[in-house]
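As structure tokens, the structure follows; a few thoughts come after it.
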Amino acid sequence: MKILVLNSGSSSVKFQLRNSGCEELICKGLIERIGEKGGAVHIKFPDGRQHDEELDLEDHIKALDYLLKVLVKPELDILGSLSEIDAVGHRVVHGGESYSKSVLLNDEALKTIDELSGLAPLHNPPNLKGILACREILPNAPQVGVFDTAFHQTMPQSSFMYAIPRELYDKFGVRRYGFHGTSHSFIHTRARKLSGLDDKPSKIATAHLGNGCSIAAVLNGEVLDTSMGFTPLEGLVMGTRPGDIDPALISFLVEKGYELSEIMKLLQKKSGLLGLSNGLSNDMRTLLEKSERDKNARLAFEVFCYRLKKYIGAYAAALGGLDVLVFSGGIGEGSAVVRNETCRGLEFLGIEIDEEKNNDGSGKEALISKDSSNVKVYVIPTNEELMIAKETELIVGDIQNSQ
Ligand code: ADP
């Protein structure tokens, strides 16, 4: 089965084309500057080849139409015809309380995703644009929605309710939803397999540390808690977002003369590692390079690791112990220093990092804890697109079997 995976943003669409049990990547790439001047399609192949084309792309339909025309160009030898695309899997950010699993995107599902736009105004509308465009261009390929929030829907009320007036939940759905669910689900499944806890009781904490960062506590395969909340601002320190803060800070800044829109920009785009490093960088690599000479870069690194350490402790308490801890995402996969600093002092929880394995464990699947460690600590590269492709194949397969 050939599956096209799409992650549609407001002005760009990331894509992957996968084959045979989804494991084979045929090509991947990016359509950028949709609705702006200088539109472009970039395609990368697993053997390192790259193909780039430029054309102004008015909207998502024009952009996807153009991409598909490029994918069937005979000289690129990707697809003989569009009918070879068996299904399309879409990343959808918010499934609210409606979706705890991936779904076939029929009219009813599209209506629900549209209704949920109020909870994710920056994400669901462009996701929907990508879905509608695909429906028009590939009317015979089933479309599947894979939600960032779905894996976290097992959280009990005691984890997901904020201690604010109940009517805000009843009227507006104000609660903690959690995000990065596709990644947490992927690395949790791998961790359970690697640690031999596939079909056994398990207490697993998965840390996805990219530009956005979150950690999940997963008990026997079901999410018990996760650090992102009503929006992806809550929880860990991130590239440009602060994670947990005192909400009274907002009214304080309003009193100081800041506009609400300015404050939200400050919290979305100027905080986190970037804010702590006094504007130096939101990129952990840069901060680590400069941390010996620049005290703000060092501080950003320290606050990042300290917050993560606190969450690991909290989740070990919530789970009643820990069997496995996983590091993933660009920082989790790439930085031995972050993994080491985060786990330093957690020996009392049974977490013992093996320095050599940790230093050698970046960028690939690796066990980085000592043999004596009660908690197995892994680096597991995440692969959200592979997960979306697999979910899509599963749902389309179920439909075909039931026909
Ligand atoms: P996204 O969330 O956009 O998918 P990534 O998962 O690629 O982002 O993570 C980006 C972050 O990972 C950046 O802060 C980057 O500096 C960091 N990163 C990538 N490689 C390394 C590395 N080798 N060491 C430290 N940080 C790294």
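Following the order of the structure tokens, first chain is A, next is B, and so on, with residues numbered from 1 inside each chain and ligands from 1 in the order they appear.
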Hey, which residues come within 12 Å of ligand 1 if we count only C-alpha atoms and all ligand atoms? Could you give them as number ranges by chain? A: 7, 14, 179-180, 183, 207-214, 232, 237-241, 272-274, 281-289, 300-301, 304, 327-339, 359-364, 380-385
If you keep C-alpha atoms, can you produce a file of those selected residues as a short mmCIF file (atom, residue, chain, number, x, y, z; two decimals), in the first residue's frame?
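To be explicit, this is the file written out as selection.cif:
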```cif
data_model
loop_
_atom_site.label_atom_id
_atom_site.label_comp_id
_atom_site.auth_asym_id
_atom_site.auth_seq_id
_atom_site.Cartn_x
_atom_site.Cartn_y
_atom_site.Cartn_z
CA ASN A 7 1.17 17.73 7.84
CA LYS A 14 5.26 18.69 5.00
CA PHE A 179 -0.20 17.22 22.49
CA HIS A 180 2.60 15.35 20.65
CA SER A 183 5.15 10.84 19.00
CA ALA A 207 10.04 12.78 26.97
CA HIS A 208 9.62 14.37 23.52
CA LEU A 209 12.14 17.21 23.45
CA GLY A 210 12.11 19.13 20.16
CA ASN A 211 11.28 22.79 19.56
CA GLY A 212 8.13 21.97 21.50
CA CYS A 213 8.69 19.73 24.52
CA SER A 214 6.40 17.47 26.52
CA PRO A 232 0.93 23.45 23.97
CA VAL A 237 10.62 24.69 29.00
CA MET A 238 10.63 24.77 25.17
CA GLY A 239 12.51 26.58 22.39
CA THR A 240 10.42 29.75 22.58
CA ARG A 241 7.66 28.82 25.08
CA GLY A 272 11.71 29.38 26.77
CA LEU A 273 15.36 28.83 25.81
CA LEU A 274 15.30 32.00 23.68
CA SER A 281 19.00 31.32 20.60
CA ASN A 282 16.08 28.92 20.84
CA ASP A 283 18.39 26.19 19.55
CA MET A 284 19.85 23.87 22.20
CA ARG A 285 22.94 23.15 20.09
CA THR A 286 23.88 26.84 19.98
CA LEU A 287 23.28 27.22 23.71
CA LEU A 288 25.44 24.20 24.51
CA GLU A 289 28.23 25.53 22.28
CA ALA A 300 18.78 28.31 29.80
CA PHE A 301 20.27 24.81 29.69
CA PHE A 304 15.48 23.30 30.88
CA PHE A 327 14.40 10.56 25.57
CA SER A 328 13.26 11.57 22.08
CA GLY A 329 12.92 14.61 19.76
CA GLY A 330 15.88 16.64 18.44
CA ILE A 331 17.24 17.48 21.93
CA GLY A 332 16.38 14.13 23.57
CA GLU A 333 17.92 12.17 20.70
CA GLY A 334 20.86 14.49 20.09
CA SER A 335 22.17 15.70 23.43
CA ALA A 336 24.02 13.41 25.83
CA VAL A 337 24.71 16.47 28.01
CA VAL A 338 21.00 17.23 28.46
CA ARG A 339 20.22 13.57 29.23
CA ASN A 359 27.84 9.58 25.08
CA ASP A 360 27.61 6.98 22.34
CA GLY A 361 23.79 6.86 22.30
CA SER A 362 22.79 9.91 20.26
CA GLY A 363 20.80 9.79 17.04
CA LYS A 364 19.85 6.13 17.20
CA ILE A 380 14.42 6.39 20.82
CA PRO A 381 14.24 8.50 17.65
CA THR A 382 10.64 9.47 17.09
CA ASN A 383 8.93 9.04 13.73
CA GLU A 384 5.51 10.68 13.69
CA GLU A 385 5.10 10.29 9.93
#
```
So which residues touch Leu17 in chain A within 7 Å, counting only C-alpha atoms, skipping near sequence neighbours fewer than 6 positions away, as a PyMOL selection string? chain A and resi 2-5+25-28
Step one, run DSSP on the backbone; step two, keep only residues of range 156-345 of chain A assigned to strand (DSSP E or B); then write them as JSON, numbers by chain. {"A": [203, 204, 205, 206, 207, 208, 209, 213, 214, 215, 216, 217, 218, 219, 222, 223, 224, 225, 226, 324, 325, 326, 327, 328]}
With N, CA and C atoms retained, export the selected residues as an mmCIF file, in the first residue's frame.
```cif
data_model
loop_
_atom_site.group_PDB
_atom_site.id
_atom_site.type_symbol
_atom_site.label_atom_id
_atom_site.label_comp_id
_atom_site.auth_asym_id
_atom_site.auth_seq_id
_atom_site.Cartn_x
_atom_site.Cartn_y
_atom_site.Cartn_z
ATOM 1 N N LYS A 203 5.330 0.934 33.615
ATOM 2 C CA LYS A 203 5.290 2.338 34.060
ATOM 3 C C LYS A 203 6.362 3.083 33.275
ATOM 4 N N ILE A 204 5.930 3.852 32.291
ATOM 5 C CA ILE A 204 6.878 4.431 31.334
ATOM 6 C C ILE A 204 6.695 5.945 31.240
ATOM 7 N N ALA A 205 7.819 6.676 31.282
ATOM 8 C CA ALA A 205 7.770 8.126 31.032
ATOM 9 C C ALA A 205 8.461 8.403 29.709
ATOM 10 N N THR A 206 7.754 9.090 28.802
ATOM 11 C CA THR A 206 8.320 9.407 27.486
ATOM 12 C C THR A 206 8.520 10.915 27.383
ATOM 13 N N ALA A 207 9.756 11.340 27.096
ATOM 14 C CA ALA A 207 10.040 12.777 26.965
ATOM 15 C C ALA A 207 10.306 13.101 25.504
ATOM 16 N N HIS A 208 9.425 13.900 24.904
ATOM 17 C CA HIS A 208 9.619 14.366 23.524
ATOM 18 C C HIS A 208 10.190 15.777 23.616
ATOM 19 N N LEU A 209 11.468 15.925 23.270
ATOM 20 C CA LEU A 209 12.143 17.212 23.448
ATOM 21 C C LEU A 209 12.615 17.758 22.099
ATOM 22 N N CYS A 213 8.266 20.830 23.645
ATOM 23 C CA CYS A 213 8.694 19.727 24.517
ATOM 24 C C CYS A 213 7.526 19.282 25.392
ATOM 25 N N SER A 214 7.393 17.974 25.564
ATOM 26 C CA SER A 214 6.403 17.465 26.519
ATOM 27 C C SER A 214 6.840 16.105 27.015
ATOM 28 N N ILE A 215 6.302 15.741 28.180
ATOM 29 C CA ILE A 215 6.594 14.427 28.759
ATOM 30 C C ILE A 215 5.255 13.779 29.104
ATOM 31 N N ALA A 216 5.188 12.458 28.931
ATOM 32 C CA ALA A 216 3.947 11.745 29.260
ATOM 33 C C ALA A 216 4.253 10.612 30.234
ATOM 34 N N ALA A 217 3.313 10.371 31.144
ATOM 35 C CA ALA A 217 3.393 9.227 32.062
ATOM 36 C C ALA A 217 2.395 8.192 31.560
ATOM 37 N N VAL A 218 2.895 7.004 31.202
ATOM 38 C CA VAL A 218 2.031 6.001 30.585
ATOM 39 C C VAL A 218 2.002 4.741 31.456
ATOM 40 N N LEU A 219 0.814 4.416 31.934
ATOM 41 C CA LEU A 219 0.654 3.267 32.828
ATOM 42 C C LEU A 219 -0.041 2.133 32.076
ATOM 43 N N GLU A 222 -1.644 3.136 28.855
ATOM 44 C CA GLU A 222 -2.593 4.264 28.803
ATOM 45 C C GLU A 222 -1.991 5.503 29.456
ATOM 46 N N VAL A 223 -2.153 6.649 28.778
ATOM 47 C CA VAL A 223 -1.582 7.880 29.330
ATOM 48 C C VAL A 223 -2.305 8.237 30.632
ATOM 49 N N LEU A 224 -1.489 8.455 31.674
ATOM 50 C CA LEU A 224 -2.031 8.839 32.980
ATOM 51 C C LEU A 224 -1.930 10.357 33.141
ATOM 52 N N ASP A 225 -0.883 10.921 32.548
ATOM 53 C CA ASP A 225 -0.702 12.368 32.653
ATOM 54 C C ASP A 225 0.263 12.819 31.560
ATOM 55 N N THR A 226 0.175 14.087 31.208
ATOM 56 C CA THR A 226 1.143 14.647 30.264
ATOM 57 C C THR A 226 1.302 16.123 30.540
ATOM 58 N N VAL A 324 10.671 2.469 32.825
ATOM 59 C CA VAL A 324 11.410 2.932 31.640
ATOM 60 C C VAL A 324 11.275 4.451 31.514
ATOM 61 N N LEU A 325 12.387 5.098 31.147
ATOM 62 C CA LEU A 325 12.380 6.521 30.806
ATOM 63 C C LEU A 325 12.925 6.641 29.383
ATOM 64 N N VAL A 326 12.233 7.415 28.538
ATOM 65 C CA VAL A 326 12.672 7.550 27.138
ATOM 66 C C VAL A 326 12.960 9.007 26.812
ATOM 67 N N PHE A 327 14.083 9.239 26.119
ATOM 68 C CA PHE A 327 14.403 10.560 25.574
ATOM 69 C C PHE A 327 14.210 10.523 24.069
ATOM 70 N N SER A 328 13.490 11.518 23.527
ATOM 71 C CA SER A 328 13.261 11.570 22.082
ATOM 72 C C SER A 328 13.160 13.025 21.628
#
```
Would you list the contacts of range 388-398 of chain A as a list in words, taking every protein, DNA or RNA residue within 7 Å and counting only C-alpha atoms, but skipping same-chain residues closer than 5 positions in sequence?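 Selected residues are Ile3, Val5, Cys22, Gly89, Ser102, Val144 and Val146 of chain A.
Inside range 76-159 of chain A, the residues DSSP reads as alpha helix (DSSP H) when given the backbone are A:Asp107, A:Glu108, A:Ala109, A:Leu110, A:Lys111, A:Thr112, A:Ile113, A:Asp114, A:Glu115, A:Asn124, A:Pro125, A:Pro126, A:Asn127, A:Leu128, A:Lys129, A:Gly130, A:Ile131, A:Leu132, A:Ala133, A:Cys134, A:Arg135, A:Glu136, A:Ile137, A:Gln157, A:Ser158, A:Ser159.
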File dump, residues just selected, N, CA, C and O atoms, as an mmCIF file, in the first residue's frame:
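Result written to selection12.cif:
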```cif
data_model
loop_
_atom_site.group_PDB
_atom_site.id
_atom_site.type_symbol
_atom_site.label_atom_id
_atom_site.label_comp_id
_atom_site.auth_asym_id
_atom_site.auth_seq_id
_atom_site.Cartn_x
_atom_site.Cartn_y
_atom_site.Cartn_z
ATOM 1 N N ASP A 107 -17.625 13.130 6.129
ATOM 2 C CA ASP A 107 -18.180 14.489 6.305
ATOM 3 C C ASP A 107 -18.347 14.849 7.777
ATOM 4 O O ASP A 107 -18.080 15.972 8.203
ATOM 5 N N GLU A 108 -18.799 13.857 8.551
ATOM 6 C CA GLU A 108 -19.046 14.119 9.975
ATOM 7 C C GLU A 108 -17.732 14.465 10.690
ATOM 8 O O GLU A 108 -17.672 15.404 11.497
ATOM 9 N N ALA A 109 -16.671 13.721 10.382
ATOM 10 C CA ALA A 109 -15.375 13.986 11.027
ATOM 11 C C ALA A 109 -14.858 15.375 10.647
ATOM 12 O O ALA A 109 -14.328 16.104 11.492
ATOM 13 N N LEU A 110 -15.057 15.751 9.385
ATOM 14 C CA LEU A 110 -14.598 17.082 8.964
ATOM 15 C C LEU A 110 -15.336 18.180 9.714
ATOM 16 O O LEU A 110 -14.753 19.194 10.110
ATOM 17 N N LYS A 111 -16.647 17.938 9.940
ATOM 18 C CA LYS A 111 -17.449 18.920 10.667
ATOM 19 C C LYS A 111 -16.913 19.043 12.106
ATOM 20 O O LYS A 111 -16.760 20.151 12.634
ATOM 21 N N THR A 112 -16.604 17.904 12.708
ATOM 22 C CA THR A 112 -16.102 17.930 14.091
ATOM 23 C C THR A 112 -14.757 18.652 14.169
ATOM 24 O O THR A 112 -14.530 19.471 15.069
ATOM 25 N N ILE A 113 -13.868 18.371 13.217
ATOM 26 C CA ILE A 113 -12.548 19.032 13.230
ATOM 27 C C ILE A 113 -12.727 20.546 13.083
ATOM 28 O O ILE A 113 -12.057 21.342 13.745
ATOM 29 N N ASP A 114 -13.681 20.923 12.248
ATOM 30 C CA ASP A 114 -13.965 22.340 12.059
ATOM 31 C C ASP A 114 -14.478 22.939 13.379
ATOM 32 O O ASP A 114 -14.028 24.011 13.812
ATOM 33 N N GLU A 115 -15.387 22.227 14.029
ATOM 34 C CA GLU A 115 -15.933 22.740 15.300
ATOM 35 C C GLU A 115 -14.843 22.869 16.371
ATOM 36 O O GLU A 115 -14.927 23.715 17.249
ATOM 37 N N ASN A 124 -5.941 23.618 13.557
ATOM 38 C CA ASN A 124 -6.998 22.843 12.889
ATOM 39 C C ASN A 124 -7.432 23.429 11.544
ATOM 40 O O ASN A 124 -7.607 22.672 10.588
ATOM 41 N N PRO A 125 -7.594 24.773 11.416
ATOM 42 C CA PRO A 125 -8.017 25.293 10.104
ATOM 43 C C PRO A 125 -7.051 24.923 8.965
ATOM 44 O O PRO A 125 -7.499 24.427 7.931
ATOM 45 N N PRO A 126 -5.720 25.099 9.121
ATOM 46 C CA PRO A 126 -4.857 24.662 8.001
ATOM 47 C C PRO A 126 -4.856 23.143 7.809
ATOM 48 O O PRO A 126 -4.744 22.671 6.676
ATOM 49 N N ASN A 127 -4.976 22.378 8.895
ATOM 50 C CA ASN A 127 -5.087 20.913 8.745
ATOM 51 C C ASN A 127 -6.281 20.588 7.861
ATOM 52 O O ASN A 127 -6.212 19.755 6.949
ATOM 53 N N LEU A 128 -7.383 21.278 8.135
ATOM 54 C CA LEU A 128 -8.624 21.050 7.394
ATOM 55 C C LEU A 128 -8.468 21.443 5.921
ATOM 56 O O LEU A 128 -8.961 20.739 5.023
ATOM 57 N N LYS A 129 -7.747 22.526 5.680
ATOM 58 C CA LYS A 129 -7.515 22.957 4.292
ATOM 59 C C LYS A 129 -6.813 21.856 3.504
ATOM 60 O O LYS A 129 -7.147 21.582 2.359
ATOM 61 N N GLY A 130 -5.823 21.234 4.131
ATOM 62 C CA GLY A 130 -5.082 20.150 3.471
ATOM 63 C C GLY A 130 -5.993 18.967 3.177
ATOM 64 O O GLY A 130 -5.921 18.356 2.107
ATOM 65 N N ILE A 131 -6.880 18.649 4.120
ATOM 66 C CA ILE A 131 -7.786 17.510 3.949
ATOM 67 C C ILE A 131 -8.762 17.794 2.797
ATOM 68 O O ILE A 131 -8.963 16.963 1.911
ATOM 69 N N LEU A 132 -9.327 19.007 2.808
ATOM 70 C CA LEU A 132 -10.307 19.355 1.769
ATOM 71 C C LEU A 132 -9.655 19.365 0.385
ATOM 72 O O LEU A 132 -10.231 18.885 -0.594
ATOM 73 N N ALA A 133 -8.418 19.870 0.337
ATOM 74 C CA ALA A 133 -7.708 19.902 -0.950
ATOM 75 C C ALA A 133 -7.481 18.484 -1.454
ATOM 76 O O ALA A 133 -7.710 18.177 -2.627
ATOM 77 N N CYS A 134 -7.081 17.590 -0.574
ATOM 78 C CA CYS A 134 -6.818 16.196 -0.981
ATOM 79 C C CYS A 134 -8.083 15.500 -1.449
ATOM 80 O O CYS A 134 -8.055 14.702 -2.378
ATOM 81 N N ARG A 135 -9.176 15.790 -0.741
ATOM 82 C CA ARG A 135 -10.453 15.178 -1.141
ATOM 83 C C ARG A 135 -10.792 15.541 -2.572
ATOM 84 O O ARG A 135 -11.308 14.743 -3.329
ATOM 85 N N GLU A 136 -10.506 16.820 -2.914
ATOM 86 C CA GLU A 136 -10.841 17.280 -4.253
ATOM 87 C C GLU A 136 -9.912 16.665 -5.304
ATOM 88 O O GLU A 136 -10.342 16.212 -6.353
ATOM 89 N N ILE A 137 -8.619 16.613 -4.966
ATOM 90 C CA ILE A 137 -7.641 16.180 -5.979
ATOM 91 C C ILE A 137 -7.543 14.654 -6.068
ATOM 92 O O ILE A 137 -7.276 14.100 -7.124
ATOM 93 N N GLN A 157 -9.909 12.162 34.902
ATOM 94 C CA GLN A 157 -10.299 13.547 35.209
ATOM 95 C C GLN A 157 -9.348 14.197 36.205
ATOM 96 O O GLN A 157 -9.069 15.382 36.116
ATOM 97 N N SER A 158 -8.851 13.374 37.143
ATOM 98 C CA SER A 158 -7.967 13.953 38.162
ATOM 99 C C SER A 158 -6.689 14.507 37.542
ATOM 100 O O SER A 158 -6.024 15.358 38.130
ATOM 101 N N SER A 159 -6.298 14.039 36.361
ATOM 102 C CA SER A 159 -5.133 14.613 35.668
ATOM 103 C C SER A 159 -5.539 15.755 34.756
ATOM 104 O O SER A 159 -4.793 16.711 34.592
#
```
Distance of CA of Ile34 in chain A from CA of Asp59 in chain A, expressed in Å to one decimal place: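 CA of Ile34 in chain A lies at a distance of 5.8 Å from CA of Asp59 in chain A.
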Selection near Asp244 in chain A, 10 Å with only C-alpha atoms, sequence-local residues under 4 positions removed, as a list in words: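 Listed by chain and then number, they are Ser227, Met228, Gly229, Leu233, Glu234, Gly235, Leu236, Val237 and Arg307 of chain A.
Residue nearest Glu23 in chain A, chosen from A:Met1, A:Gln50, A:Glu262, A:Val174 and counting only C-alpha atoms: A:Met1.
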With distances taken over only C-alpha atoms, which residue among A:Arg190, A:His123, A:His51, A:Arg293 lies nearest Leu76 in chain A?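 Closest to Leu76 in chain A, using only C-alpha atoms: A:His51.
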Using only C-alpha atoms, which residues sit within 10 Å of Val70 in chain A once same-chain residues fewer than 6 positions away are excluded, as a PyMOL selection string? chain A and resi 41+43+51-53+64+76+78-79
Just checking: using only C-alpha atoms, which residue out of A:Val92, A:Met161, A:Val103, A:Leu349 ends up closest to Leu116 in chain A?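 Going through A:Val92, A:Met161, A:Val103, A:Leu349 one by one, the smallest distance to Leu116 in chain A is for A:Val92.
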Distance query Thr149 in chain A at most 6 Å, only C-alpha atoms, self and fewer than 6 positions along chain excluded, as a PyMOL selection string: chain A and resi 94-95+178-179+181
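Excluding Gly313 in chain A and any residue on its chain fewer than 5 positions from it, the residues at most 9 Å away by only C-alpha atoms are A:Leu308, A:Ala318, A:Leu346, A:Leu349.
In this structure, CA of Ala141 in chain A sits 23.3 Å away from CA of His42 in chain A.
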Can you measure CA of Ile351 in chain A to CA of Asn374 in chain A for me? One decimal in Å is fine.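 It comes out at 6.4 Å.
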